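See below for the structure under consideration.
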Amino acid sequence: MFGCSTSTSPRRPADPMAIPPPYCDLGKAARDVFSKGYGFGMVKLDLKTKSSTGVEFTTTGSSNTDTGKASGSLETKYKFKDYGLTFTQKWNTDNTLGTEVAMEDKLVEGLKLNLEAMFVPNTGKKSGKLKTAYKREYLNIGCNVDIDLSGPTIYGWAVVGYEGWLAGYQMAFDTAKSKLSQNNFALGYKAADFQLHTNVNDGTEFGGSIYQKAKVNNASLIGLGYTQTLRPGVKLTLSTLIDGKNFSSGGHKIGLGFELEA
């Protein structure tokens, strides 16, 4: 339910290129344009507010223009900066409840610890995950463990970076079956306005993406987006997704999004 962890606490000034991203964020800029923010084939509304006590509220809603299906979520977040703690709770229209407690930069600078729990009232399903991550110049490593008494799955990754070049490895080990269930490699290059990402998953699946204004992935999908700040706290996003393999046959998608912040 919760994606990659990102730093929220202040730290000493550093070259942003010197600390590489976690493995799941490699190629994220190009990937997100096909799944986040621009919302092809969607009408989206995001609302962010903050109470006088410091609690942050994020509400999102979207409607699929093809199916008419609507979905939404509500997230609350509170930070105890003196202790390096962040508490996050989330609910979505699938009736999934999630809670996360995170501590960052308190035990060791660059170390982040997360405990996540998820509950689905309709089915009674419960799950949890313990996450650890450590980052410093040129290195980002981490290990996540599912809280499952029948046999947890252990996830691990490591990313090294130097002068824009990034190389990473990601694995998952199923302790119940005593075997690797995931074995992935990635290589990329990141500059201020250009990103290149290639990956090999389990030795059989190959992928790649390029990010630079117009975004193209290895399925020949071309994403274009335009974002305009209408006034402080109000942002409008227009987007279109073009199928490069079937340009004349139609089926291309457009998207509309509003982001409000108060």
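Identifiers in the structure tokens: chain A, B, ... in order shown; residue index from 1 per chain; ligand index from 1 in order shown.
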
key: Close residues, Phe185 of chain A itself excluded, 9 Å, only C-alpha atoms, min 6 positions apart in chain, as a PyMOL selection string   = chain A and resi 167-171+198-203

Kindly provide the residues of segment 15-94 of chain A that approach segment 147-166 of chain A to within 10 Å, each paired with its closest atom pair and their distance in Å to one decimal, based on only C-alpha atoms, listed by chain and increasing number, as a tab-separated table.
residue	atom	partner	partner_atom	distance
A:Met17	CA	A:Gly164	CA	6.4
A:Ala18	CA	A:Tyr162	CA	6.9
A:Ile19	CA	A:Gly161	CA	7.2
A:Pro20	CA	A:Gly161	CA	5.5
A:Pro21	CA	A:Val159	CA	7.2
A:Pro22	CA	A:Val159	CA	6.4
A:Tyr23	CA	A:Val159	CA	6.1
A:Cys24	CA	A:Trp157	CA	8.9
A:Leu26	CA	A:Leu166	CA	8.2

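Residue nearest Thr58 of chain A within the list A:Met42, A:Leu260, A:Leu230, A:Leu115: A:Leu260 [criterion: smallest interatomic distance, only C-alpha atoms].
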
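Between atom CA of Phe87 of chain A and atom CA of Gly124 of chain A the separation is 22.9 Å.
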
Using only C-alpha atoms, what table do you get, as a Markdown table, when you list each residue of segment 104-151 of chain A with an atom no more than 12 Å from segment 76-81 of chain A, its nearest pair of atoms, and their distance in Å rounded to one decimal, rows by chain then rising number?
| residue | atom | partner | partner_atom | distance |
| --- | --- | --- | --- | --- |
| A:Glu104 | CA | A:Lys81 | CA | 9.7 |
| A:Asp105 | CA | A:Lys81 | CA | 10.5 |
| A:Lys106 | CA | A:Lys81 | CA | 10.2 |

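Between Thr123 of chain A and the residues A:Asp146, A:Leu97, A:Ile141, A:Lys135, the shortest atom-to-atom distance, using only C-alpha atoms, involves A:Leu97.
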
request  = Give the strand (DSSP E) residues of segment 122-190 of chain A, as assigned by DSSP on the backbone, as JSON, numbers by chain.
outcome  = {"A": [125, 126, 127, 128, 129, 130, 131, 132, 133, 134, 135, 136, 139, 140, 141, 142, 143, 144, 145, 146, 153, 154, 155, 156, 157, 158, 159, 160, 161, 162, 165, 166, 167, 168, 169, 170, 171, 172, 173, 174, 179, 180, 181, 182, 183, 184, 185, 186, 187, 188, 189, 190]}

inquiry  = Applying 7 Å and only C-alpha atoms, which residues near segment 252-259 of chain A remain after dropping the ones on its own chain fewer than 5 positions away? List them as JSON, numbers by chain.
reply    = {"A": [38, 39, 40, 41, 42, 43, 44, 45, 46, 47, 234, 235, 236, 237, 238, 239, 240, 241, 242, 243]}

Selected residues written out with N, CA and C atoms, as a CSV table (one decimal), in the first residue's frame:
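Result file follows (out.csv):
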chain,number,residue,atom,x,y,z
A,38,TYR,N,0.0,12.5,-14.7
A,38,TYR,CA,-0.7,12.9,-15.9
A,38,TYR,C,-2.0,12.2,-16.0
A,39,GLY,N,-2.1,11.0,-15.6
A,39,GLY,CA,-3.4,10.3,-15.6
A,39,GLY,C,-4.1,10.2,-16.9
A,40,PHE,N,-3.4,9.5,-17.9
A,40,PHE,CA,-4.0,9.3,-19.2
A,40,PHE,C,-5.4,8.5,-19.0
A,41,GLY,N,-6.4,9.0,-19.7
A,41,GLY,CA,-7.7,8.4,-19.7
A,41,GLY,C,-8.4,8.6,-18.4
A,42,MET,N,-8.0,9.6,-17.6
A,42,MET,CA,-8.5,9.8,-16.3
A,42,MET,C,-8.9,11.3,-16.1
A,43,VAL,N,-9.8,11.5,-15.2
A,43,VAL,CA,-10.1,12.9,-14.7
A,43,VAL,C,-9.8,12.8,-13.2
A,44,LYS,N,-8.8,13.6,-12.7
A,44,LYS,CA,-8.3,13.5,-11.4
A,44,LYS,C,-8.4,14.8,-10.6
A,45,LEU,N,-8.6,14.6,-9.3
A,45,LEU,CA,-8.6,15.8,-8.4
A,45,LEU,C,-7.8,15.4,-7.2
A,46,ASP,N,-6.8,16.3,-6.9
A,46,ASP,CA,-6.0,16.1,-5.7
A,46,ASP,C,-6.2,17.3,-4.8
A,47,LEU,N,-6.4,17.1,-3.5
A,47,LEU,CA,-6.5,18.2,-2.5
A,47,LEU,C,-5.6,18.0,-1.4
A,234,VAL,N,-3.3,26.2,-7.0
A,234,VAL,CA,-4.2,25.6,-8.0
A,234,VAL,C,-3.4,25.2,-9.2
A,235,LYS,N,-3.3,23.9,-9.5
A,235,LYS,CA,-2.5,23.5,-10.7
A,235,LYS,C,-3.4,22.6,-11.6
A,236,LEU,N,-3.3,22.9,-12.9
A,236,LEU,CA,-4.0,22.2,-13.9
A,236,LEU,C,-3.0,21.4,-14.8
A,237,THR,N,-3.4,20.1,-15.1
A,237,THR,CA,-2.6,19.3,-15.9
A,237,THR,C,-3.4,18.7,-17.0
A,238,LEU,N,-2.8,18.8,-18.2
A,238,LEU,CA,-3.4,18.2,-19.4
A,238,LEU,C,-2.4,17.2,-20.0
A,239,SER,N,-2.9,16.1,-20.5
A,239,SER,CA,-2.0,15.1,-21.0
A,239,SER,C,-2.6,14.2,-22.1
A,240,THR,N,-1.7,13.6,-22.9
A,240,THR,CA,-2.2,12.7,-23.9
A,240,THR,C,-1.2,11.6,-24.1
A,241,LEU,N,-1.7,10.4,-24.4
A,241,LEU,CA,-0.9,9.2,-24.6
A,241,LEU,C,-1.2,8.7,-26.0
A,242,ILE,N,-0.1,8.6,-26.7
A,242,ILE,CA,-0.2,8.2,-28.2
A,242,ILE,C,0.5,6.8,-28.3
A,243,ASP,N,-0.3,5.9,-29.0
A,243,ASP,CA,0.3,4.6,-29.3
A,243,ASP,C,1.1,4.7,-30.6

message = Under the rule that only C-alpha atoms are counted, which of A:Thr227, A:Thr59, A:Gln182, A:Ser51 is the nearest residue to Glu205 of chain A?
response = A:Gln182
